[in-house]
file structure.csv (CSV, C-alpha atoms)
chain,number,residue,atom,x,y,z
K,4,MET,CA,0.9,-21.9,-6.4
K,5,LEU,CA,-1.2,-20.1,-3.9
K,6,ALA,CA,-2.8,-16.9,-4.9
K,7,VAL,CA,-0.5,-15.2,-2.5
K,8,ALA,CA,2.5,-15.7,-4.7
K,9,SER,CA,2.0,-13.3,-7.5
K,10,ALA,CA,4.0,-14.4,-10.4
K,11,VAL,CA,7.3,-12.8,-10.3
K,12,VAL,CA,7.6,-12.4,-14.0
K,13,ALA,CA,4.2,-13.0,-15.1
K,14,VAL,CA,4.1,-15.3,-17.9
K,15,GLY,CA,1.1,-16.0,-20.1
K,16,THR,CA,1.1,-13.4,-22.8
K,17,ALA,CA,4.1,-11.8,-21.1
K,18,THR,CA,6.0,-15.0,-21.4
K,19,GLY,CA,6.0,-14.8,-25.2
K,20,MET,CA,7.5,-11.4,-25.0
K,21,LEU,CA,10.3,-12.6,-22.8
K,22,SER,CA,11.0,-15.7,-24.8
K,23,ALA,CA,11.1,-13.8,-28.1
K,24,LEU,CA,13.6,-11.3,-26.7
K,25,GLY,CA,15.7,-14.1,-25.2
K,26,GLU,CA,15.9,-16.0,-28.4
K,27,GLU,CA,16.6,-13.0,-30.5
K,28,ARG,CA,19.5,-11.9,-28.3
K,29,GLY,CA,20.6,-15.3,-27.2
K,30,GLY,CA,21.6,-16.4,-30.6
K,31,ALA,CA,23.4,-13.1,-31.1
K,32,ALA,CA,26.3,-14.1,-29.0
K,33,GLY,CA,27.2,-10.9,-27.3
K,34,GLY,CA,24.6,-8.6,-28.6
K,35,SER,CA,23.5,-8.8,-32.1
K,36,ALA,CA,20.4,-7.2,-30.9
K,37,VAL,CA,21.4,-4.1,-32.7
K,38,GLY,CA,19.5,-1.0,-31.8
K,39,GLN,CA,18.3,-2.4,-28.5
K,40,ASP,CA,19.7,-0.3,-25.6
K,41,ARG,CA,17.1,-1.2,-23.0
K,42,PRO,CA,16.9,-4.2,-20.8
K,43,THR,CA,15.2,-7.1,-22.4
K,44,VAL,CA,11.5,-6.9,-21.6
K,45,THR,CA,10.6,-9.6,-19.2
K,46,TYR,CA,7.4,-9.8,-17.4
K,47,ALA,CA,6.4,-8.8,-14.0
K,48,THR,CA,4.9,-10.8,-11.2
K,49,THR,CA,3.0,-9.5,-8.3
K,50,SER,CA,3.6,-10.6,-4.9
K,51,ALA,CA,0.4,-11.3,-3.1
K,52,PRO,CA,-0.1,-10.1,0.3
K,53,PRO,CA,-0.9,-12.4,3.2
K,54,ALA,CA,-2.8,-15.5,2.6
K,55,PRO,CA,-1.9,-19.0,3.3
K,56,ALA,CA,1.5,-19.5,1.8
K,57,PRO,CA,2.1,-16.9,-0.8
K,58,SER,CA,4.9,-16.1,-3.0
K,59,ALA,CA,6.6,-13.1,-1.8
K,60,SER,CA,7.8,-11.3,-4.9
K,61,ALA,CA,5.0,-12.1,-7.0
K,62,THR,CA,5.1,-9.6,-9.6
K,63,PRO,CA,8.4,-8.0,-9.8
K,64,SER,CA,8.6,-5.4,-12.5
K,65,VAL,CA,10.8,-7.4,-14.6
K,66,ARG,CA,13.0,-4.9,-16.2
K,67,PRO,CA,14.4,-5.8,-19.5
K,68,ALA,CA,18.1,-6.5,-19.5
K,69,PRO,CA,20.0,-4.0,-21.5
K,70,SER,CA,21.5,-5.0,-24.8
K,71,ALA,CA,25.2,-5.5,-25.2
K,72,SER,CA,25.5,-2.9,-27.9
K,73,PRO,CA,23.5,0.2,-26.9
K,74,ARG,CA,22.6,2.5,-29.7
K,75,ARG,CA,22.9,5.6,-27.7
K,76,THR,CA,26.1,7.6,-27.9
K,77,THR,CA,25.0,10.9,-26.5
K,78,ALA,CA,25.9,12.1,-23.0
K,79,SER,CA,23.7,11.2,-20.1
K,80,PRO,CA,20.8,13.5,-19.5
K,81,ALA,CA,20.9,16.1,-16.7
K,82,PRO,CA,19.7,14.5,-13.4
K,83,THR,CA,16.1,14.9,-12.6
K,84,VAL,CA,14.8,16.5,-9.4
K,85,ALA,CA,14.2,13.0,-8.0
K,86,GLU,CA,17.7,11.9,-8.9
K,87,ARG,CA,19.1,14.9,-7.1
K,88,GLN,CA,17.2,13.9,-4.0
K,89,THR,CA,18.6,10.3,-4.2
K,90,PRO,CA,22.1,11.1,-5.5
K,91,ARG,CA,23.6,7.7,-5.0
K,92,LEU,CA,21.1,5.4,-6.7
K,93,TYR,CA,21.2,4.9,-10.5
K,94,ARG,CA,18.2,5.4,-12.7
K,95,HIS,CA,18.4,3.5,-15.9
K,96,PRO,CA,17.1,5.8,-18.6
K,97,ASP,CA,15.3,3.1,-20.6
K,98,SER,CA,12.2,1.6,-19.1
K,99,GLN,CA,8.6,1.1,-20.1
K,100,VAL,CA,7.4,4.0,-18.0
K,101,ALA,CA,10.1,6.3,-19.3
K,102,ASP,CA,9.3,5.3,-22.9
K,103,TRP,CA,5.6,6.0,-22.3
K,104,VAL,CA,6.2,9.5,-20.8
K,105,ARG,CA,8.5,10.4,-23.7
K,106,ALA,CA,5.9,9.2,-26.2
K,107,HIS,CA,2.9,10.9,-24.6
K,108,PRO,CA,4.0,14.5,-23.7
K,109,ASP,CA,0.5,15.8,-24.1
K,110,ASP,CA,-1.2,13.2,-22.0
K,111,PRO,CA,-2.6,14.9,-18.9
K,112,ARG,CA,-1.2,12.1,-16.7
K,113,ALA,CA,2.3,12.3,-18.1
K,114,ALA,CA,3.6,15.0,-15.7
K,115,VAL,CA,2.5,13.1,-12.6
K,116,ILE,CA,3.7,9.7,-13.9
K,117,GLY,CA,7.0,11.2,-15.0
K,118,ASN,CA,7.8,13.1,-11.8
K,119,ARG,CA,6.7,10.5,-9.3
K,120,ILE,CA,7.6,7.3,-11.1
K,121,ALA,CA,9.7,7.5,-14.2
K,122,ASP,CA,12.2,9.9,-12.6
K,123,ARG,CA,12.9,7.6,-9.6
K,124,PRO,CA,15.8,5.2,-9.5
K,125,ALA,CA,14.5,1.6,-9.9
K,126,ALA,CA,15.9,-1.9,-10.3
K,127,VAL,CA,16.9,-3.4,-13.6
K,128,TRP,CA,15.8,-7.0,-14.0
K,129,PHE,CA,17.6,-9.8,-16.0
K,130,ALA,CA,15.0,-12.5,-16.4
K,131,ASP,CA,15.6,-14.2,-19.7
K,132,PHE,CA,18.1,-17.0,-19.9
K,133,ALA,CA,20.6,-15.8,-22.6
K,134,PRO,CA,24.0,-17.0,-21.4
K,135,ALA,CA,25.9,-15.5,-24.4
K,136,ALA,CA,24.6,-12.0,-23.9
K,137,ILE,CA,24.1,-11.6,-20.1
K,138,ALA,CA,27.6,-10.4,-19.3
K,139,SER,CA,27.4,-7.6,-21.8
K,140,ARG,CA,23.9,-6.6,-20.7
K,141,VAL,CA,24.9,-6.4,-17.1
K,142,ARG,CA,28.0,-4.4,-18.1
K,143,ALA,CA,25.9,-1.9,-20.0
K,144,VAL,CA,24.1,-1.0,-16.8
K,145,THR,CA,27.0,-1.1,-14.4
K,146,SER,CA,29.3,0.9,-16.7
K,147,ALA,CA,26.6,3.6,-17.2
K,148,ALA,CA,26.0,3.8,-13.4
K,149,SER,CA,29.8,4.0,-12.8
K,150,ALA,CA,30.2,6.8,-15.2
K,151,GLN,CA,27.6,8.8,-13.2
K,152,GLY,CA,29.1,7.7,-9.8
K,153,ARG,CA,25.8,6.0,-8.9
K,154,VAL,CA,24.8,2.6,-7.5
K,155,PRO,CA,22.7,0.4,-9.7
K,156,VAL,CA,20.2,-2.2,-8.4
K,157,LEU,CA,20.3,-5.4,-10.4
K,158,VAL,CA,17.9,-8.4,-10.2
K,159,PRO,CA,19.2,-11.8,-11.5
K,160,TYR,CA,16.0,-13.8,-12.1
K,161,ALA,CA,16.7,-17.1,-13.9
K,162,ILE,CA,16.7,-19.8,-11.2
K,163,PRO,CA,15.3,-23.1,-12.5
K,164,ASP,CA,11.7,-23.9,-11.6
K,165,ARG,CA,11.1,-20.2,-11.1
K,166,ASP,CA,7.8,-19.3,-9.5
K,167,CYS,CA,7.1,-23.0,-9.1
K,168,GLY,CA,5.7,-23.2,-12.6
K,169,GLY,CA,3.3,-20.3,-12.0
K,170,ALA,CA,2.8,-17.1,-14.0
K,171,SER,CA,6.5,-16.3,-13.9
K,172,ARG,CA,7.7,-19.7,-14.7
K,173,GLY,CA,10.9,-19.9,-16.8
K,174,GLY,CA,14.6,-19.5,-16.0
K,175,ALA,CA,17.6,-21.7,-16.7
K,176,PRO,CA,16.9,-25.4,-17.7
K,177,ASP,CA,18.8,-26.7,-14.7
K,178,LEU,CA,21.1,-25.7,-11.9
K,179,ALA,CA,24.3,-26.4,-13.8
K,180,ALA,CA,23.2,-24.0,-16.6
K,181,TYR,CA,22.2,-21.5,-13.9
K,182,ASP,CA,25.6,-21.6,-12.3
K,183,GLY,CA,27.2,-20.8,-15.7
K,184,TRP,CA,24.7,-18.0,-16.2
K,185,ILE,CA,25.6,-16.5,-12.8
K,186,ASP,CA,29.3,-16.8,-13.7
K,187,ALA,CA,28.6,-14.7,-16.9
K,188,PHE,CA,26.4,-12.3,-14.9
K,189,ALA,CA,29.3,-11.7,-12.5
K,190,ARG,CA,31.6,-10.8,-15.3
K,191,GLY,CA,29.5,-7.8,-16.1
K,192,LEU,CA,29.5,-6.3,-12.6
K,193,GLY,CA,32.7,-4.3,-12.9
K,194,SER,CA,34.5,-3.1,-9.8
K,195,GLY,CA,32.1,-0.5,-8.3
K,196,GLU,CA,29.4,-0.7,-5.7
K,197,VAL,CA,26.3,-2.5,-6.9
K,198,ILE,CA,23.2,-3.9,-5.1
K,199,VAL,CA,22.1,-7.4,-6.2
K,200,ILE,CA,18.6,-8.6,-5.4
K,201,LEU,CA,19.3,-12.2,-5.9
K,202,GLU,CA,16.4,-14.3,-7.2
K,203,PRO,CA,13.1,-13.0,-5.7
K,204,ASP,CA,10.9,-15.8,-4.3
K,205,SER,CA,13.7,-18.3,-4.6
K,206,VAL,CA,13.9,-19.0,-0.9
K,207,ALA,CA,10.5,-18.1,0.5
K,208,GLN,CA,8.7,-20.0,-2.2
K,209,ALA,CA,10.9,-23.1,-2.2
K,210,ASP,CA,8.4,-25.4,-0.6
K,211,CYS,CA,7.1,-26.6,-4.0
K,212,LEU,CA,10.5,-28.4,-4.4
K,213,SER,CA,11.4,-31.8,-3.1
K,214,ALA,CA,13.8,-31.8,-0.1
K,215,ALA,CA,16.6,-32.8,-2.4
K,216,ASP,CA,15.8,-30.2,-5.1
K,217,ARG,CA,15.5,-27.5,-2.4
K,218,ALA,CA,18.9,-28.3,-1.0
K,219,ALA,CA,20.4,-28.2,-4.4
K,220,ARG,CA,18.8,-24.8,-5.1
K,221,PHE,CA,20.0,-23.4,-1.9
K,222,ALA,CA,23.6,-24.7,-2.6
K,223,SER,CA,23.4,-23.0,-6.0
K,224,LEU,CA,22.2,-19.7,-4.4
K,225,ALA,CA,25.0,-19.8,-1.9
K,226,ARG,CA,27.5,-20.4,-4.7
K,227,ALA,CA,25.9,-17.4,-6.6
K,228,GLY,CA,26.5,-15.1,-3.7
K,229,ARG,CA,30.2,-16.2,-3.5
K,230,VAL,CA,30.7,-15.8,-7.2
K,231,LEU,CA,29.2,-12.3,-7.4
K,232,LYS,CA,31.2,-11.1,-4.4
K,233,ALA,CA,34.4,-12.6,-5.7
K,234,ALA,CA,33.9,-10.9,-9.1
K,235,ASP,CA,33.2,-7.5,-7.5
K,236,PRO,CA,34.1,-6.9,-3.9
K,237,GLY,CA,31.8,-3.9,-4.1
K,238,ALA,CA,28.8,-6.1,-4.8
K,239,LEU,CA,26.2,-6.1,-2.0
K,240,VAL,CA,24.2,-9.3,-2.4
K,241,TYR,CA,20.8,-9.6,-0.7
K,242,TYR,CA,18.7,-12.8,-0.3
K,243,ASP,CA,15.0,-13.5,-0.5
K,244,ALA,CA,13.2,-13.1,2.9
K,245,GLY,CA,9.7,-13.0,1.5
K,246,HIS,CA,7.6,-10.5,3.4
K,247,SER,CA,6.0,-9.9,6.8
K,248,GLY,CA,2.7,-11.5,5.7
K,249,TRP,CA,4.3,-14.8,4.8
K,250,HIS,CA,6.6,-17.1,6.8
K,251,ARG,CA,7.4,-16.6,10.4
K,252,PRO,CA,10.8,-14.9,10.9
K,253,GLY,CA,12.4,-18.0,12.5
K,254,ARG,CA,11.4,-20.3,9.7
K,255,GLN,CA,12.4,-17.8,7.0
K,256,ALA,CA,15.8,-17.4,8.7
K,257,ALA,CA,16.4,-21.1,8.8
K,258,LEU,CA,15.8,-21.3,5.0
K,259,LEU,CA,18.0,-18.2,4.4
K,260,ARG,CA,20.8,-19.8,6.4
K,261,GLN,CA,20.8,-22.9,4.2
K,262,ALA,CA,20.9,-20.6,1.1
K,263,GLY,CA,24.0,-18.8,2.3
K,264,ALA,CA,22.5,-15.5,3.3
K,265,ALA,CA,24.5,-15.2,6.5
K,266,ALA,CA,27.7,-14.8,4.3
K,267,ALA,CA,26.1,-12.0,2.1
K,268,ALA,CA,25.2,-8.4,2.7
K,269,GLY,CA,21.8,-9.4,4.1
K,270,ILE,CA,18.2,-9.9,3.0
K,271,PHE,CA,15.5,-8.2,1.0
K,272,SER,CA,11.7,-8.2,1.5
K,273,ASN,CA,8.4,-7.1,0.1
K,274,VAL,CA,9.4,-7.3,-3.5
K,275,ALA,CA,6.3,-6.6,-5.6
K,276,ASN,CA,4.2,-6.7,-2.4
K,277,PHE,CA,2.3,-4.2,-0.4
K,278,GLN,CA,3.2,-4.7,3.2
K,279,THR,CA,3.9,-1.5,5.1
K,280,THR,CA,7.4,-0.3,5.6
K,281,GLU,CA,7.0,-0.4,9.4
K,282,ASP,CA,5.9,-4.0,9.3
K,283,GLU,CA,8.8,-4.9,7.1
K,284,ILE,CA,11.3,-3.2,9.3
K,285,ALA,CA,10.1,-5.1,12.3
K,286,TYR,CA,9.9,-8.4,10.4
K,287,ASP,CA,13.4,-8.0,8.7
K,288,ARG,CA,15.0,-7.3,12.1
K,289,GLN,CA,13.5,-10.4,13.5
K,290,VAL,CA,14.7,-12.5,10.5
K,291,LEU,CA,18.2,-11.0,10.8
K,292,ASP,CA,18.3,-11.8,14.6
K,293,ALA,CA,17.2,-15.4,13.9
K,294,LEU,CA,19.6,-15.7,11.0
K,295,GLY,CA,22.7,-14.9,13.0
K,296,GLY,CA,25.9,-14.0,11.2
K,297,PRO,CA,27.9,-10.8,11.4
K,298,ALA,CA,26.3,-7.7,12.9
K,299,SER,CA,26.9,-5.9,9.6
K,300,LEU,CA,24.0,-7.9,7.9
K,301,GLY,CA,21.2,-5.6,6.9
K,302,ALA,CA,18.0,-5.6,4.9
K,303,VAL,CA,16.5,-3.7,2.0
K,304,ILE,CA,12.8,-3.2,1.5
K,305,ASP,CA,10.8,-2.8,-1.7
K,306,THR,CA,8.7,0.3,-1.0
K,307,SER,CA,7.5,0.9,-4.6
K,308,ARG,CA,3.8,0.2,-4.0
K,309,ASN,CA,3.3,0.0,-0.2
K,310,GLY,CA,2.2,3.5,0.5
K,311,ASN,CA,-1.3,2.3,1.7
K,312,GLY,CA,-0.2,-1.1,2.9
K,313,ALA,CA,-1.6,-4.4,1.8
K,314,PRO,CA,-5.3,-4.8,0.9
K,315,ALA,CA,-7.4,-6.2,3.8
K,316,ASN,CA,-8.9,-8.9,1.5
K,317,GLY,CA,-5.5,-10.3,0.5
K,318,ALA,CA,-5.8,-9.2,-3.2
K,319,TRP,CA,-2.4,-9.1,-4.9
K,320,CYS,CA,-3.1,-8.6,-8.6
K,321,ASP,CA,-3.1,-4.8,-9.3
K,322,PRO,CA,-5.3,-4.2,-6.2
K,323,ALA,CA,-7.2,-0.9,-6.1
K,324,GLY,CA,-6.5,1.8,-3.6
K,325,ARG,CA,-2.7,1.2,-3.4
K,326,ARG,CA,-0.1,4.0,-3.8
K,327,ILE,CA,3.6,4.4,-4.3
K,328,GLY,CA,5.6,4.2,-1.1
K,329,ARG,CA,8.8,5.9,0.2
K,330,ALA,CA,11.2,7.1,-2.4
K,331,PRO,CA,14.2,4.9,-3.1
K,332,THR,CA,17.1,5.8,-0.8
K,333,LEU,CA,20.3,4.4,0.8
K,334,ASP,CA,19.8,6.6,3.8
K,335,THR,CA,16.9,5.1,5.8
K,336,GLY,CA,17.8,6.3,9.3
K,337,GLN,CA,16.8,2.9,10.6
K,338,ALA,CA,19.2,0.4,12.2
K,339,ARG,CA,19.9,-2.6,10.1
K,340,ILE,CA,17.8,-1.3,7.2
K,341,ASP,CA,20.2,-0.5,4.4
K,342,ALA,CA,17.9,0.9,1.8
K,343,TYR,CA,14.4,1.4,0.6
K,344,LEU,CA,14.3,0.4,-3.1
K,345,TRP,CA,11.9,0.3,-5.9
K,346,VAL,CA,12.4,-3.2,-7.1
K,347,LYS,CA,9.0,-3.6,-8.7
K,348,LEU,CA,8.4,-0.5,-10.9
K,349,PRO,CA,5.0,1.1,-10.2
K,350,GLY,CA,2.7,0.9,-13.1
K,351,GLU,CA,3.9,-2.4,-14.5
K,352,SER,CA,0.8,-4.6,-14.2
K,353,ASP,CA,0.5,-7.8,-12.3
K,354,GLY,CA,-1.7,-9.1,-15.0
K,355,CYS,CA,-5.1,-7.7,-14.1
K,356,LYS,CA,-5.1,-4.1,-15.3
K,357,GLY,CA,-3.0,-5.0,-18.3
K,358,ALA,CA,-0.9,-7.8,-19.6
K,359,ALA,CA,1.5,-9.1,-16.9
K,360,GLY,CA,4.6,-7.1,-16.9
K,361,SER,CA,3.3,-4.4,-19.3
K,362,PHE,CA,3.2,-0.7,-18.4
K,363,THR,CA,-0.4,0.4,-17.7
K,364,PRO,CA,-0.6,4.2,-17.5
K,365,SER,CA,-4.0,4.2,-15.8
K,366,TYR,CA,-2.6,2.0,-13.0
K,367,ALA,CA,0.6,4.1,-12.8
K,368,TYR,CA,-1.4,7.3,-12.5
K,369,ASP,CA,-3.7,5.8,-9.8
K,370,LEU,CA,-0.6,4.8,-7.8
K,371,ALA,CA,1.2,8.1,-8.2
K,372,SER,CA,-1.7,10.6,-7.9
K,373,SER,CA,-3.1,9.1,-4.7
K,374,SER,CA,0.1,9.9,-2.8
call {"tool": "encode", "arguments": {"input": "structure.csv", "output": "structure tokens"}}
result
Amino acid sequence: MLAVASAVVAVGTATGMLSALGEERGGAAGGSAVGQDRPTVTYATTSAPPAPAPSASATPSVRPAPSASPRRTTASPAPTVAERQTPRLYRHPDSQVADWVRAHPDDPRAAVIGNRIADRPAAVWFADFAPAAIASRVRAVTSAASAQGRVPVLVPYAIPDRDCGGASRGGAPDLAAYDGWIDAFARGLGSGEVIVILEPDSVAQADCLSAADRAARFASLARAGRVLKAADPGALVYYDAGHSGWHRPGRQAALLRQAGAAAAAGIFSNVANFQTTEDEIAYDRQVLDALGGPASLGAVIDTSRNGNGAPANGAWCDPAGRRIGRAPTLDTGQARIDAYLWVKLPGESDGCKGAAGSFTPSYAYDLASSS
């Protein structure tokens, strides 16, 4: 895999963490992971900026998938200032950054990291293949969001041959197993509005597959979109469009059409990458125009770390000089741009400043304090 594709769920040491959690919960059939109320820790990949043929989502902050039987029974905490500013998006209370802030109240960096990162709504990733527990884990997030009248952002990330065997390799053993996993995932959606970022890198990074395997993957992704929408009419499913420093809009649109994106809510771009919001807006509109489909198709952009744009040297692994981007919102004021989201959580390492997928306070502080 080219350097551009930063492992979406960084494996290596992070892989062991993901595997252990998956095995522990997978055998629990429905959540014997007692005492675990947070999403299962997966890794994160980093999407590398331009470069030859990168992998778009490279280092998504793979959020752990919440456990089926959360231990918390207390009422939801009062909304933070950031949540009041983004009233419709859901912030899952359990994340690595939130845990760090709670555990380090006296750290001089805690206030900045807490206010500018931990208090912001962010995506919840489901990256371990645990068919018996996935429905309950998804339900734990969607039901909590529904109780608050908010919209959760979910990231299914278990496609076979994930990351082309790179740092974020893993996922389901085959497409038949993946289809069953998606069926179970869909059962946890409920009936409210939910945003689904379907399989980062699965379309833009499909060149590593044979023509037959690529066609089979795209058929499975198209099926996934139909299943998710049928289970919850309020589900808004978005497909992988890579980012503006990767494929040309027409080529990316042709791939998306094969994967069924024209029948979904639209596309997503810049997951775990650093391309500017302005570049992504222009690129996404070009992709949508080339894709065709109903005029209602839109795009969502990951703005979590693009405040300074992509490094000129093409670095993708925790590059220096970056900063957090626009706050998550469903009100962009831009035609065909449905939302700015934080899909990759700032501070979760791509594998250079810390173990891939782990929260690195020094990196988080650099991203937050430079804005």
call {"tool": "residues_near_point", "arguments": {"input": "structure.csv", "point": "(8.6, 5.4, -15.1)", "cutoff": "9 Å", "atoms": "only C-alpha atoms", "output": "PDB file with C-alpha atoms, in the frame of the given file"}}
result
ATOM      1  CA  ASP K  97      15.300   3.100 -20.600  1.00  0.00           C
ATOM      2  CA  SER K  98      12.200   1.600 -19.100  1.00  0.00           C
ATOM      3  CA  GLN K  99       8.600   1.100 -20.100  1.00  0.00           C
ATOM      4  CA  VAL K 100       7.400   4.000 -18.000  1.00  0.00           C
ATOM      5  CA  ALA K 101      10.100   6.300 -19.300  1.00  0.00           C
ATOM      6  CA  ASP K 102       9.300   5.300 -22.900  1.00  0.00           C
ATOM      7  CA  TRP K 103       5.600   6.000 -22.300  1.00  0.00           C
ATOM      8  CA  VAL K 104       6.200   9.500 -20.800  1.00  0.00           C
ATOM      9  CA  ILE K 116       3.700   9.700 -13.900  1.00  0.00           C
ATOM     10  CA  GLY K 117       7.000  11.200 -15.000  1.00  0.00           C
ATOM     11  CA  ASN K 118       7.800  13.100 -11.800  1.00  0.00           C
ATOM     12  CA  ARG K 119       6.700  10.500  -9.300  1.00  0.00           C
ATOM     13  CA  ILE K 120       7.600   7.300 -11.100  1.00  0.00           C
ATOM     14  CA  ALA K 121       9.700   7.500 -14.200  1.00  0.00           C
ATOM     15  CA  ASP K 122      12.200   9.900 -12.600  1.00  0.00           C
ATOM     16  CA  ARG K 123      12.900   7.600  -9.600  1.00  0.00           C
ATOM     17  CA  ALA K 125      14.500   1.600  -9.900  1.00  0.00           C
ATOM     18  CA  LEU K 348       8.400  -0.500 -10.900  1.00  0.00           C
ATOM     19  CA  PRO K 349       5.000   1.100 -10.200  1.00  0.00           C
ATOM     20  CA  GLY K 350       2.700   0.900 -13.100  1.00  0.00           C
ATOM     21  CA  PHE K 362       3.200  -0.700 -18.400  1.00  0.00           C
ATOM     22  CA  ALA K 367       0.600   4.100 -12.800  1.00  0.00           C
TER      23      ALA K 367
END
call {"tool": "closest_residue", "arguments": {"input": "structure.csv", "among": "K:Leu291, K:Leu157, K:Ile340, K:Leu212", "to": "Leu231 in chain K", "atoms": "only C-alpha atoms"}}
result
K:Leu157
call {"tool": "closest_residue", "arguments": {"input": "structure.csv", "among": "K:Arg220, K:His95, K:Arg308, K:Arg229", "to": "Val156 in chain K", "atoms": "only C-alpha atoms"}}
result
K:His95
call {"tool": "residues_around", "arguments": {"input": "structure.csv", "residues": "Ala218 in chain K", "least_positions_apart": "5", "cutoff": "9 Å", "atoms": "all atoms listed in the file", "output": "list of chain:residue names"}}
result
K:Ser213, K:Ser223, K:Gln261, K:Ala262
call {"tool": "atom_distance", "arguments": {"input": "structure.csv", "atom1": "CA of Leu224 in chain K", "atom2": "CA of Val141 in chain K"}}
result
18.6 Å
call {"tool": "residues_around", "arguments": {"input": "structure.csv", "residues": "range 292-296 of chain K", "least_positions_apart": "3", "cutoff": "6 Å", "atoms": "all atoms listed in the file", "output": "list in words"}}
result
Gly253, Ala256, Ala265 and Gln289 of chain K
call {"tool": "atom_distance", "arguments": {"input": "structure.csv", "atom1": "CA of Asn316 in chain K", "atom2": "CA of Ile270 in chain K"}}
result
27.2 Å
call {"tool": "atom_distance", "arguments": {"input": "structure.csv", "atom1": "CA of Ala285 in chain K", "atom2": "CA of Ala302 in chain K"}}
result
10.8 Å
call {"tool": "closest_residue", "arguments": {"input": "structure.csv", "among": "K:Ala130, K:Val115, K:Val290, K:Leu370", "to": "Arg251 in chain K", "atoms": "only C-alpha atoms"}}
result
K:Val290
call {"tool": "closest_residue", "arguments": {"input": "structure.csv", "among": "K:His250, K:Arg165, K:Ser194, K:Asp186", "to": "Val230 in chain K", "atoms": "all atoms listed in the file"}}
result
K:Asp186
call {"tool": "decode", "arguments": {"input": "structure.csv", "residues": "range 182-212 of chain K", "atoms": "C-alpha atoms", "output": "PDB file, in the first residue's frame"}}
result
ATOM      1  CA  ASP K 182     -23.033  -9.368   4.768  1.00  0.00           C
ATOM      2  CA  GLY K 183     -24.214 -11.147   7.911  1.00  0.00           C
ATOM      3  CA  TRP K 184     -22.328  -8.649  10.084  1.00  0.00           C
ATOM      4  CA  ILE K 185     -24.025  -5.757   8.287  1.00  0.00           C
ATOM      5  CA  ASP K 186     -27.411  -7.411   8.819  1.00  0.00           C
ATOM      6  CA  ALA K 187     -26.689  -7.513  12.550  1.00  0.00           C
ATOM      7  CA  PHE K 188     -25.325  -3.957  12.508  1.00  0.00           C
ATOM      8  CA  ALA K 189     -28.565  -2.790  10.907  1.00  0.00           C
ATOM      9  CA  ARG K 190     -30.631  -4.363  13.681  1.00  0.00           C
ATOM     10  CA  GLY K 191     -29.030  -1.973  16.147  1.00  0.00           C
ATOM     11  CA  LEU K 192     -29.911   1.214  14.278  1.00  0.00           C
ATOM     12  CA  GLY K 193     -33.349   1.776  15.759  1.00  0.00           C
ATOM     13  CA  SER K 194     -35.737   4.121  13.963  1.00  0.00           C
ATOM     14  CA  GLY K 195     -34.169   7.555  14.397  1.00  0.00           C
ATOM     15  CA  GLU K 196     -31.909   9.641  12.215  1.00  0.00           C
ATOM     16  CA  VAL K 197     -28.362   8.324  12.093  1.00  0.00           C
ATOM     17  CA  ILE K 198     -25.397   9.073   9.854  1.00  0.00           C
ATOM     18  CA  VAL K 199     -23.469   6.041   8.605  1.00  0.00           C
ATOM     19  CA  ILE K 200     -19.957   6.505   7.202  1.00  0.00           C
ATOM     20  CA  LEU K 201     -19.783   3.211   5.348  1.00  0.00           C
ATOM     21  CA  GLU K 202     -16.344   1.588   5.226  1.00  0.00           C
ATOM     22  CA  PRO K 203     -13.636   4.262   4.821  1.00  0.00           C
ATOM     23  CA  ASP K 204     -11.186   3.443   1.985  1.00  0.00           C
ATOM     24  CA  SER K 205     -13.379   0.627   0.700  1.00  0.00           C
ATOM     25  CA  VAL K 206     -14.007   2.306  -2.656  1.00  0.00           C
ATOM     26  CA  ALA K 207     -11.065   4.658  -3.193  1.00  0.00           C
ATOM     27  CA  GLN K 208      -8.538   2.004  -2.201  1.00  0.00           C
ATOM     28  CA  ALA K 209     -10.058  -0.898  -4.110  1.00  0.00           C
ATOM     29  CA  ASP K 210      -7.356  -1.037  -6.782  1.00  0.00           C
ATOM     30  CA  CYS K 211      -5.438  -3.633  -4.807  1.00  0.00           C
ATOM     31  CA  LEU K 212      -8.225  -6.128  -5.532  1.00  0.00           C
TER      32      LEU K 212
END
